[in-house]
There are 2 protein chains.
Amino acid sequence: MPSHSKPPTRRKVTLADIAAGCDVSRATVSLVLRGSPLVNKRTRAKVEAELKRQGYVYNRAAANLRRRTSSSIALVINDLGNPFFAEFAAGVDEALGSAGYVTLLGNTGESPERQQAVLSSLIEHGPAGIILSPAEGSDDARVIAAVGRHTPLLVFNRSLGEASADDAPWDTLVLDNERGTHLATEHLIALGHKRIAFFGGHRDSSSCRQRRQGYLDAMKAANLAVAPGWLVESAPTRLEAARQAGALFNRDPAPTAAVCYNDAVALGLMLGLTSRGRRPGEDFAIVGFDDIAESSVSVPPLTTIAVDPRDRGRQAAELVLARIGHPDMEATHTTAPVRLVVRDSSCRPASP
Amino acid sequence: MPSHSKPPTRRKVTLADIAAGCDVSRATVSLVLRGSPLVNKRTRAKVEAELKRQGYVYNRAAANLRRRTSSSIALVINDLGNPFFAEFAAGVDEALGSAGYVTLLGNTGESPERQQAVLSSLIEHGPAGIILSPAEGSDDARVIAAVGRHTPLLVFNRSLGEASADDAPWDTLVLDNERGTHLATEHLIALGHKRIAFFGGHRDSSSCRQRRQGYLDAMKAANLAVAPGWLVESAPTRLEAARQAGALFNRDPAPTAAVCYNDAVALGLMLGLTSRGRRPGEDFAIVGFDDIAESSVSVPPLTTIAVDPRDRGRQAAELVLARIGHPDMEATHTTAPVRLVVRDSSCRPASP
DNA sequence: CTGAAAGCGCTTACAG
DNA sequence: CTGAAAGCGCTTACAG
């Protein structure tokens, strides 16, 4: 039987191969790898040459096992297909990468069941921490059961189950929903509007309740009344919003402006108004929430509340990293800033 | 000094803790964990109770080290903020999760430098395979240097550097760009158009070259001439496209329809036409490419070529998994299907 | 059916 | 400055 030459390198090269290749101990090679000042210059050079020659690649899993450390962080996202969360994920990954961590990704698609499966699977890989943007309908007890109490947890965006975020035993990062709609409402008031509606979203969503509250507070602070017909609910999609647009004009007096639950709903409202012969940004003012990509290029461009999801991702990463550094500090509850972006959809009220 | 009870469980519980807790060997516990039929029913029950009691969580990294296996796959994405790639990532993660793998995420933000850093970092975690959607301007030699020849590589969407994808020594999955614009052009021809433009994109992008080629082929097959002014370049953004819209009407005869490089450009063209008093979908027909979320809700809704990025993600995952199962098979080069989605933006030519 | 021993690829005291 | 030895948490033959 002819002796075929074996494929160049079937086995991965290890510390032992390098040590043997240049006649030092594995310990010495290890010191070289980790840049220890202990090792002699010439030894170091010899080892480094051999490392390169054999194409060595560090096995971080083995090192982590021995050192009882971790170099990964789990990122569990409720809806990666949503650009908001995709941007958030990009921000997380960017900041984690800079800190020398790798991101273990899990997408739950808004399913609490998949979320449990994903968490149980990721936790077996021993992440140093977990960033969780929970699926709708998450149950905090089940989440904690899956995560355990050894791994720092940061919950983003929504509170977990019933519990209020403020006294949770894990860290939280939430958007300042109330402040966002407060700013939006004040902006419309400053333009001269007095009859302002709150449009879209469902009462049972906590973010919708908060956004509505910010609107109500700002109206109250300005001594403006809120007529019953000015609180219009709708599914948080463009299509549903377009269908509901008419509801704003069912009774007199009709509003002259609307603060919307989010940009999708605001864009839908624009469509709905247009098809009813009204011109958003000219005879009706609209403010959105989120500043999604389309908002800057819609016709007219949408005034909205920017939440800068990529920045929020970086912020989330910083928060877990801080927690990993100080496991015993009390849980932190951070509210992320939001800002008003003025574009053409928010106009002065049409003079009668 | 009063003896404080220590925090419940400072150290993670290991196989050895379980073994000690119910008086069997670590080997037996290991067999229980992996569902071996060898172990006695009563022993199994005893061990499982102890597992639960102590809240054991499996250390997959340790198991992988011993078994010389891997349960992760690296996913390196050029632009996670782009919904197309975010959907792709979601599809990959979904399929990998079903197969028992975890996704190691890396976002390069279109930077070849970051791509090198990300690959070098991820490879140290020993993924079983790598799915790479390359940054623009990637260099194949450098990528291979970082990845090594031990880890299966699937390249998605773009070819790496100069090389044509068809003879690369790694697996590839690309969109059928030519077929997409071919379908789009045939569709317009079937509607009765004879003067059809190709709008947007830059000649130096390989996907643009391919899409343009599909258009040219379809025109030729139908014996239709392509006037010089009908090939209009633009940056692949909505804004630039809107600015270039006028270029279509510089000479006589002007086209009555356009196949666009992508949806962003198509939506920009719509804006540009509208602001020139033309009505897309009524006196000018438009077809896009990608089927991004906005296309179904634009006014008019955009006829386009759907590429189903989430399906492409699942497909990419299946391809690496297959490769991991058969490391020595020849490299595969897969072309993903595309399909025409007809909406209102593609109308018959206005009768003169 | 169960246990003792060796080993995956690394790092860490500890000697010298 | 360098090496021998032990060990991270698992799994895998091999005995019994």
# chains A, B, ... in the order shown; residues from 1 in each chain; ligands from 1

$ residues_around --residues "Ala266 of chain B" --least-positions-apart "4" --cutoff "9 Å" --atoms "only C-alpha atoms (C1' of nucleotides)" --output "list in words"
Phe199, Gly200, Arg238, Ala241, Ala242, Ala258, Val259, Cys260, Tyr261, Asn262, Met270, Leu271, Ile286, Val287, Gly288, Phe289 and Leu302 of chain B

$ interface_residues --of "chain C" --to "chain A" --cutoff "12 Å" --atoms "only C-alpha atoms (C1' of nucleotides)" --output "number ranges by chain"
C: 8-13

$ write_last_selection --atoms "N, CA and C atoms (P, O5', C5', C4', C3', O3' and C1' of nucleotides)" --output "compact mmCIF listing (two decimals), in the first residue's frame"
# COMPACT_ATOMS: atom_id res chain seq x y z
P DC C 8 -4.26 14.57 25.86
O5' DC C 8 -5.30 15.61 25.27
C5' DC C 8 -6.49 15.22 24.62
C4' DC C 8 -7.49 16.34 24.76
C3' DC C 8 -6.84 17.71 24.77
O3' DC C 8 -6.90 18.25 23.44
C1' DC C 8 -8.49 17.49 26.53
P DG C 9 -5.60 18.79 22.74
O5' DG C 9 -5.39 20.21 23.41
C5' DG C 9 -6.36 21.22 23.21
C4' DG C 9 -6.05 22.36 24.15
C3' DG C 9 -4.62 22.89 24.06
O3' DG C 9 -4.68 24.30 23.95
C1' DG C 9 -5.16 22.40 26.29
P DC C 10 -3.45 25.25 23.82
O5' DC C 10 -3.38 25.84 25.25
C5' DC C 10 -3.60 27.00 25.77
C4' DC C 10 -4.14 26.90 27.19
C3' DC C 10 -3.26 27.57 28.22
O3' DC C 10 -3.62 28.94 28.30
C1' DC C 10 -4.23 25.53 29.04
P DT C 11 -2.65 29.97 29.01
O5' DT C 11 -2.78 29.60 30.56
C5' DT C 11 -3.99 29.87 31.23
C4' DT C 11 -3.79 29.60 32.71
C3' DT C 11 -2.76 30.49 33.39
O3' DT C 11 -3.30 30.83 34.64
C1' DT C 11 -2.19 28.23 33.74
P DT C 12 -2.83 32.10 35.43
O5' DT C 12 -2.52 31.48 36.85
C5' DT C 12 -3.24 30.33 37.27
C4' DT C 12 -2.47 29.62 38.36
C3' DT C 12 -1.46 30.50 39.11
O3' DT C 12 -1.55 30.17 40.48
C1' DT C 12 -0.36 28.60 38.25
P DA C 13 -1.30 31.33 41.58
O5' DA C 13 0.27 31.36 41.68
C5' DA C 13 0.90 31.20 42.91
C4' DA C 13 0.85 29.78 43.40
C3' DA C 13 2.04 29.47 44.30
O3' DA C 13 1.69 28.52 45.30
C1' DA C 13 2.20 28.22 42.29

$ closest_residue --among "B:Val76, B:Gly272, B:Gly192, B:Glu294" --to "chain A" --atoms "only C-alpha atoms"
B:Glu294

$ calpha_fit_and_write --fixed "chain B" --moving "chain A" --output "tab-separated table (two decimals) with C-alpha atoms, in the first residue's frame"
chain	number	residue	atom	x	y	z
A	1	MET	CA	-15.39	37.78	65.03
A	2	PRO	CA	-18.97	36.62	64.38
A	3	SER	CA	-19.24	33.94	61.74
A	4	HIS	CA	-21.33	35.33	58.90
A	5	SER	CA	-23.06	32.72	56.81
A	6	LYS	CA	-21.43	32.81	53.42
A	7	PRO	CA	-23.45	33.85	50.37
A	8	PRO	CA	-25.59	30.82	49.44
A	9	THR	CA	-23.46	29.48	46.60
A	10	ARG	CA	-20.29	31.25	45.74
A	11	ARG	CA	-18.81	28.46	43.67
A	12	LYS	CA	-20.58	26.89	40.77
A	13	VAL	CA	-21.63	23.31	41.37
A	14	THR	CA	-19.74	20.69	39.39
A	15	LEU	CA	-20.03	17.03	38.56
A	16	ALA	CA	-17.86	16.27	41.58
A	17	ASP	CA	-20.34	18.00	43.90
A	18	ILE	CA	-23.16	15.91	42.54
A	19	ALA	CA	-21.13	12.71	42.76
A	20	ALA	CA	-20.22	13.44	46.37
A	21	GLY	CA	-23.79	14.46	47.15
A	22	CYS	CA	-25.23	11.10	46.20
A	23	ASP	CA	-22.31	8.78	46.65
A	24	VAL	CA	-21.51	7.74	43.12
A	25	SER	CA	-18.52	8.44	40.91
A	26	ARG	CA	-18.22	11.41	38.58
A	27	ALA	CA	-18.26	8.97	35.69
A	28	THR	CA	-21.72	7.79	36.65
A	29	VAL	CA	-23.05	11.33	36.93
A	30	SER	CA	-21.60	12.05	33.52
A	31	LEU	CA	-23.40	9.06	32.07
A	32	VAL	CA	-26.67	10.19	33.62
A	33	LEU	CA	-26.25	13.66	32.15
A	34	ARG	CA	-25.75	12.28	28.71
A	35	GLY	CA	-28.69	9.92	28.98
A	36	SER	CA	-26.68	6.70	28.78
A	37	PRO	CA	-28.81	3.55	28.92
A	38	LEU	CA	-26.08	1.86	30.94
A	39	VAL	CA	-27.02	3.34	34.27
A	40	ASN	CA	-29.43	1.70	36.66
A	41	LYS	CA	-32.86	3.24	36.97
A	42	ARG	CA	-32.61	3.92	40.67
A	43	THR	CA	-29.12	5.32	40.41
A	44	ARG	CA	-30.31	7.60	37.64
A	45	ALA	CA	-33.23	8.84	39.71
A	46	LYS	CA	-30.98	9.48	42.68
A	47	VAL	CA	-28.51	11.44	40.57
A	48	GLU	CA	-31.18	13.43	38.81
A	49	ALA	CA	-32.70	14.45	42.12
A	50	GLU	CA	-29.31	15.63	43.33
A	51	LEU	CA	-28.71	17.50	40.07
A	52	LYS	CA	-31.92	19.41	40.60
A	53	ARG	CA	-31.35	19.89	44.31
A	54	GLN	CA	-27.98	21.52	43.83
A	55	GLY	CA	-29.04	23.47	40.74
A	56	TYR	CA	-26.35	21.96	38.57
A	57	VAL	CA	-25.57	23.61	35.25
A	58	TYR	CA	-23.62	21.77	32.63
A	59	ASN	CA	-20.24	23.20	31.68
A	60	ARG	CA	-20.24	22.69	27.97
A	61	ALA	CA	-16.86	24.30	27.49
A	62	ALA	CA	-15.22	21.66	29.67
A	63	ALA	CA	-17.05	18.90	27.88
A	64	ASN	CA	-16.07	20.30	24.50
A	65	LEU	CA	-12.45	20.47	25.55
A	66	ARG	CA	-12.41	16.86	26.61
A	67	ARG	CA	-14.37	15.56	23.64
A	68	ARG	CA	-12.52	17.79	21.22
A	69	THR	CA	-15.77	19.06	19.82
A	70	SER	CA	-17.34	22.46	19.46
A	71	SER	CA	-20.89	23.64	19.92
A	72	SER	CA	-20.57	27.12	18.50
A	73	ILE	CA	-20.50	28.69	15.06
A	74	ALA	CA	-19.18	32.16	14.34
A	75	LEU	CA	-21.35	34.57	12.38
A	76	VAL	CA	-19.49	37.59	11.06
A	77	ILE	CA	-21.70	40.26	9.54
A	78	ASN	CA	-20.68	43.31	7.56
A	79	ASP	CA	-23.57	45.50	8.69
A	80	LEU	CA	-25.93	44.31	11.35
A	81	GLY	CA	-27.76	47.63	11.35
A	82	ASN	CA	-28.97	46.88	7.83
A	83	PRO	CA	-32.30	45.03	8.13
A	84	PHE	CA	-31.32	42.69	5.33
A	85	PHE	CA	-28.35	41.35	7.27
A	86	ALA	CA	-30.20	41.49	10.57
A	87	GLU	CA	-32.83	39.20	9.08
A	88	PHE	CA	-30.10	37.01	7.70
A	89	ALA	CA	-28.54	36.80	11.15
A	90	ALA	CA	-31.89	35.91	12.69
A	91	GLY	CA	-32.28	33.07	10.19
A	92	VAL	CA	-28.79	31.77	10.89
A	93	ASP	CA	-29.31	31.88	14.64
A	94	GLU	CA	-32.64	30.13	14.37
A	95	ALA	CA	-31.29	27.21	12.34
A	96	LEU	CA	-28.13	26.90	14.40
A	97	GLY	CA	-30.12	26.88	17.60
A	98	SER	CA	-32.32	24.07	16.31
A	99	ALA	CA	-29.19	22.09	15.55
A	100	GLY	CA	-27.86	22.60	19.06
A	101	TYR	CA	-25.26	25.20	18.21
A	102	VAL	CA	-24.82	28.62	19.69
A	103	THR	CA	-24.01	31.68	17.56
A	104	LEU	CA	-20.84	33.69	18.18
A	105	LEU	CA	-21.67	37.08	16.75
A	106	GLY	CA	-19.30	39.60	15.23
A	107	ASN	CA	-20.28	42.78	13.44
A	108	THR	CA	-17.62	44.43	11.28
A	109	GLY	CA	-19.43	47.56	10.14
A	110	GLU	CA	-17.97	47.17	6.64
A	111	SER	CA	-14.44	47.61	7.94
A	112	PRO	CA	-11.93	45.03	6.66
A	113	GLU	CA	-9.69	45.92	9.59
A	114	ARG	CA	-12.35	45.18	12.15
A	115	GLN	CA	-13.15	42.05	10.20
A	116	GLN	CA	-9.62	40.78	10.72
A	117	ALA	CA	-9.76	41.57	14.42
A	118	VAL	CA	-13.16	39.95	14.79
A	119	LEU	CA	-12.13	36.79	12.96
A	120	SER	CA	-8.93	36.43	14.98
A	121	SER	CA	-10.85	36.84	18.19
A	122	LEU	CA	-13.68	34.49	17.29
A	123	ILE	CA	-11.40	31.76	16.01
A	124	GLU	CA	-9.78	31.52	19.45
A	125	HIS	CA	-13.11	30.37	20.79
A	126	GLY	CA	-12.93	27.34	18.56
A	127	PRO	CA	-16.11	27.58	16.50
A	128	ALA	CA	-17.05	24.49	14.52
A	129	GLY	CA	-17.53	26.72	11.48
A	130	ILE	CA	-17.70	30.31	10.30
A	131	ILE	CA	-20.35	32.13	8.31
A	132	LEU	CA	-18.93	35.31	6.86
A	133	SER	CA	-20.78	38.08	5.09
A	134	PRO	CA	-17.66	40.00	4.08
A	135	ALA	CA	-16.98	43.67	4.54
A	136	GLU	CA	-16.55	45.60	1.34
A	137	GLY	CA	-12.92	45.49	0.27
A	138	SER	CA	-12.12	42.23	2.04
A	139	ASP	CA	-8.87	40.55	1.12
A	140	ASP	CA	-9.24	36.79	0.72
A	141	ALA	CA	-5.66	35.97	1.67
A	142	ARG	CA	-5.90	37.88	4.93
A	143	VAL	CA	-9.24	36.32	5.76
A	144	ILE	CA	-7.87	32.83	5.20
A	145	ALA	CA	-4.81	33.65	7.27
A	146	ALA	CA	-7.07	34.58	10.18
A	147	VAL	CA	-9.47	31.68	9.78
A	148	GLY	CA	-6.92	28.94	9.15
A	149	ARG	CA	-7.63	25.78	7.26
A	150	HIS	CA	-9.15	23.83	10.14
A	151	THR	CA	-12.43	25.69	10.38
A	152	PRO	CA	-15.03	25.37	7.65
A	153	LEU	CA	-15.87	28.73	6.10
A	154	LEU	CA	-19.03	29.77	4.29
A	155	VAL	CA	-18.93	33.10	2.49
A	156	PHE	CA	-22.28	34.77	1.94
A	157	ASN	CA	-23.47	37.36	-0.53
A	158	ARG	CA	-20.22	38.83	-1.86
A	159	SER	CA	-17.15	37.20	-3.18
A	160	LEU	CA	-14.02	37.72	-1.14
A	161	GLY	CA	-11.65	40.17	-2.81
A	162	GLU	CA	-10.81	39.66	-6.46
A	163	ALA	CA	-11.44	35.96	-6.76
A	164	SER	CA	-14.55	34.72	-8.49
A	165	ALA	CA	-16.69	32.75	-6.10
A	166	ASP	CA	-17.02	29.76	-8.36
A	167	ASP	CA	-13.60	28.27	-7.83
A	168	ALA	CA	-12.98	29.37	-4.26
A	169	PRO	CA	-11.75	26.65	-1.92
A	170	TRP	CA	-14.45	27.61	0.60
A	171	ASP	CA	-18.21	27.23	0.35
A	172	THR	CA	-20.23	30.14	-0.99
A	173	LEU	CA	-23.85	31.22	-0.98
A	174	VAL	CA	-24.80	34.09	-3.26
A	175	LEU	CA	-28.00	35.66	-4.44
A	176	ASP	CA	-29.03	35.11	-8.01
A	177	ASN	CA	-28.63	38.76	-8.94
A	178	GLU	CA	-28.72	38.23	-12.67
A	179	ARG	CA	-31.85	36.16	-12.55
A	180	GLY	CA	-33.51	38.76	-10.32
A	181	THR	CA	-33.12	41.67	-12.72
A	182	HIS	CA	-33.85	39.36	-15.63
A	183	LEU	CA	-37.21	38.56	-14.06
A	184	ALA	CA	-37.82	42.22	-13.32
A	185	THR	CA	-37.07	43.26	-16.87
A	186	GLU	CA	-39.19	40.50	-18.39
A	187	HIS	CA	-42.05	41.57	-16.17
A	188	LEU	CA	-41.89	45.15	-17.49
A	189	ILE	CA	-41.60	43.91	-21.06
A	190	ALA	CA	-44.65	41.72	-20.58
A	191	LEU	CA	-46.57	44.80	-19.40
A	192	GLY	CA	-45.79	46.43	-22.72
A	193	HIS	CA	-42.74	48.56	-21.97
A	194	LYS	CA	-40.05	48.92	-24.63
A	195	ARG	CA	-37.92	51.77	-23.28
A	196	ILE	CA	-36.63	50.46	-19.96
A	197	ALA	CA	-33.80	52.00	-17.92
A	198	PHE	CA	-31.48	50.49	-15.34
A	199	PHE	CA	-31.30	52.90	-12.46
A	200	GLY	CA	-28.88	53.26	-9.54
A	201	GLY	CA	-25.92	51.48	-8.05
A	202	HIS	CA	-22.22	51.84	-8.76
A	203	ARG	CA	-20.37	50.04	-11.51
A	204	ASP	CA	-17.57	48.95	-9.17
A	205	SER	CA	-19.90	46.90	-6.98
A	206	SER	CA	-20.04	43.30	-8.11
A	207	SER	CA	-23.70	42.93	-7.24
A	208	CYS	CA	-24.49	45.99	-9.35
A	209	ARG	CA	-22.60	44.58	-12.31
A	210	GLN	CA	-24.52	41.32	-12.02
A	211	ARG	CA	-27.88	43.01	-11.72
A	212	ARG	CA	-27.16	45.23	-14.66
A	213	GLN	CA	-26.13	42.20	-16.66
A	214	GLY	CA	-29.42	40.44	-15.98
A	215	TYR	CA	-31.23	43.52	-17.25
A	216	LEU	CA	-29.06	43.73	-20.36
A	217	ASP	CA	-29.59	40.05	-21.13
A	218	ALA	CA	-33.35	40.33	-20.85
A	219	MET	CA	-33.41	43.40	-23.07
A	220	LYS	CA	-31.29	41.64	-25.65
A	221	ALA	CA	-33.41	38.50	-25.51
A	222	ALA	CA	-36.45	40.67	-26.31
A	223	ASN	CA	-34.62	42.53	-29.09
A	224	LEU	CA	-34.98	45.81	-27.28
A	225	ALA	CA	-32.32	48.49	-27.58
A	226	VAL	CA	-30.70	50.13	-24.58
A	227	ALA	CA	-30.04	53.83	-25.11
A	228	PRO	CA	-26.90	55.25	-23.51
A	229	GLY	CA	-28.83	57.61	-21.24
A	230	TRP	CA	-30.76	54.72	-19.72
A	231	LEU	CA	-27.97	53.48	-17.52
A	232	VAL	CA	-27.95	55.88	-14.60
A	233	GLU	CA	-25.52	55.42	-11.74
A	234	SER	CA	-26.06	56.66	-8.21
A	235	ALA	CA	-24.93	55.89	-4.68
A	236	PRO	CA	-27.19	53.12	-3.37
A	237	THR	CA	-29.15	55.45	-1.09
A	238	ARG	CA	-32.57	56.94	-1.33
A	239	LEU	CA	-31.35	60.50	-1.19
A	240	GLU	CA	-28.82	60.16	-4.00
A	241	ALA	CA	-31.34	58.30	-6.10
A	242	ALA	CA	-33.91	61.05	-5.67
A	243	ARG	CA	-31.31	63.56	-6.91
A	244	GLN	CA	-30.48	61.47	-9.97
A	245	ALA	CA	-34.08	60.93	-11.05
A	246	GLY	CA	-33.93	63.77	-13.55
A	247	ALA	CA	-31.09	62.12	-15.45
A	248	LEU	CA	-33.59	59.63	-16.88
A	249	PHE	CA	-35.29	62.37	-18.87
A	250	ASN	CA	-32.30	64.21	-20.26
A	251	ARG	CA	-32.73	62.89	-23.76
A	252	ASP	CA	-35.41	61.69	-26.09
A	253	PRO	CA	-36.77	59.17	-26.14
A	254	ALA	CA	-37.11	58.92	-22.36
A	255	PRO	CA	-37.73	55.54	-20.78
A	256	THR	CA	-41.19	54.59	-19.52
A	257	ALA	CA	-39.95	52.23	-16.84
A	258	ALA	CA	-36.88	51.43	-14.74
A	259	VAL	CA	-35.37	48.36	-13.19
A	260	CYS	CA	-33.61	49.61	-10.06
A	261	TYR	CA	-30.44	48.40	-8.40
A	262	ASN	CA	-32.26	48.01	-5.09
A	263	ASP	CA	-35.33	49.10	-3.16
A	264	ALA	CA	-33.65	52.07	-1.49
A	265	VAL	CA	-32.81	53.46	-4.91
A	266	ALA	CA	-36.28	52.63	-6.21
A	267	LEU	CA	-37.97	54.47	-3.35
A	268	GLY	CA	-35.67	57.42	-3.92
A	269	LEU	CA	-36.57	57.38	-7.59
A	270	MET	CA	-40.25	57.50	-6.66
A	271	LEU	CA	-39.63	60.59	-4.57
A	272	GLY	CA	-37.62	62.19	-7.34
A	273	LEU	CA	-40.32	61.48	-9.92
A	274	THR	CA	-43.07	62.77	-7.68
A	275	SER	CA	-41.25	66.04	-7.08
A	276	ARG	CA	-40.98	66.39	-10.87
A	277	GLY	CA	-44.71	65.94	-11.28
A	278	ARG	CA	-44.60	62.36	-12.51
A	279	ARG	CA	-46.65	59.66	-10.85
A	280	PRO	CA	-44.79	56.39	-10.25
A	281	GLY	CA	-47.09	53.43	-10.83
A	282	GLU	CA	-49.25	55.50	-13.18
A	283	ASP	CA	-47.11	57.16	-15.79
A	284	PHE	CA	-43.80	55.50	-14.96
A	285	ALA	CA	-43.19	51.90	-13.90
A	286	ILE	CA	-40.60	50.92	-11.30
A	287	VAL	CA	-39.22	47.61	-10.06
A	288	GLY	CA	-36.90	47.38	-7.03
A	289	PHE	CA	-34.67	44.67	-5.60
A	290	ASP	CA	-34.54	43.23	-2.04
A	291	ASP	CA	-38.14	43.59	-0.82
A	292	ILE	CA	-37.25	45.57	2.28
A	293	ALA	CA	-40.01	46.17	4.81
A	294	GLU	CA	-40.88	49.63	3.52
A	295	SER	CA	-41.52	48.44	0.00
A	296	SER	CA	-44.87	46.90	0.81
A	297	VAL	CA	-46.11	50.10	2.45
A	298	SER	CA	-44.72	52.77	0.16
A	299	VAL	CA	-47.06	54.81	-2.02
A	300	PRO	CA	-47.51	53.15	-4.41
A	301	PRO	CA	-46.36	49.77	-3.05
A	302	LEU	CA	-43.18	48.69	-4.79
A	303	THR	CA	-42.91	45.79	-7.20
A	304	THR	CA	-39.61	44.17	-6.38
A	305	ILE	CA	-37.40	41.08	-6.30
A	306	ALA	CA	-37.62	39.32	-2.94
A	307	VAL	CA	-34.52	37.60	-1.63
A	308	ASP	CA	-35.97	36.41	1.69
A	309	PRO	CA	-32.94	37.09	3.86
A	310	ARG	CA	-34.18	35.04	6.79
A	311	ASP	CA	-34.47	32.01	4.55
A	312	ARG	CA	-30.99	32.73	3.24
A	313	GLY	CA	-29.77	32.72	6.85
A	314	ARG	CA	-31.31	29.33	7.47
A	315	GLN	CA	-29.82	28.10	4.23
A	316	ALA	CA	-26.37	29.37	5.19
A	317	ALA	CA	-26.62	27.58	8.51
A	318	GLU	CA	-27.59	24.32	6.78
A	319	LEU	CA	-24.65	24.67	4.46
A	320	VAL	CA	-22.04	25.04	7.20
A	321	LEU	CA	-23.61	22.25	9.20
A	322	ALA	CA	-23.40	20.01	6.15
A	323	ARG	CA	-19.77	20.97	5.67
A	324	ILE	CA	-18.99	20.21	9.32
A	325	GLY	CA	-20.45	16.79	8.76
A	326	HIS	CA	-18.30	16.24	5.66
A	327	PRO	CA	-15.07	18.20	6.00
A	328	ASP	CA	-13.39	16.57	3.05
A	329	MET	CA	-16.02	17.08	0.38
A	330	GLU	CA	-15.28	19.56	-2.34
A	331	ALA	CA	-16.34	23.17	-1.82
A	332	THR	CA	-19.95	23.91	-2.78
A	333	HIS	CA	-21.11	27.07	-4.54
A	334	THR	CA	-24.80	27.71	-4.03
A	335	THR	CA	-26.96	30.27	-5.74
A	336	ALA	CA	-29.99	31.27	-3.73
A	337	PRO	CA	-33.36	31.71	-5.44
A	338	VAL	CA	-35.03	35.09	-5.84
A	339	ARG	CA	-38.63	35.82	-6.75
A	340	LEU	CA	-40.67	38.59	-8.31
A	341	VAL	CA	-43.23	40.29	-6.09
A	342	VAL	CA	-45.72	42.28	-8.12
A	343	ARG	CA	-47.22	45.39	-6.53
A	344	ASP	CA	-48.61	48.66	-7.86
A	345	SER	CA	-45.43	50.47	-8.84
A	346	SER	CA	-45.12	48.47	-12.04
A	347	CYS	CA	-47.88	49.66	-14.35
A	348	ARG	CA	-48.52	49.38	-18.06
A	349	PRO	CA	-46.98	52.14	-20.11
A	350	ALA	CA	-49.16	55.24	-20.30
A	351	SER	CA	-50.84	55.29	-23.71
A	352	PRO	CA	-49.40	58.26	-25.58

$ select_by_dssp --residues "segment 42-225 of chain A" --states "strand (DSSP E or B)" --output "PyMOL selection string"
chain A and resi 72-77+102-107+130-132+153-156+171-175+196-199+201

$ select_by_dssp --residues "segment 14-52 of chain B" --states "helix (DSSP H, G or I)" --output "ChimeraX atom specification"
/B:15-22,26-33,41-52
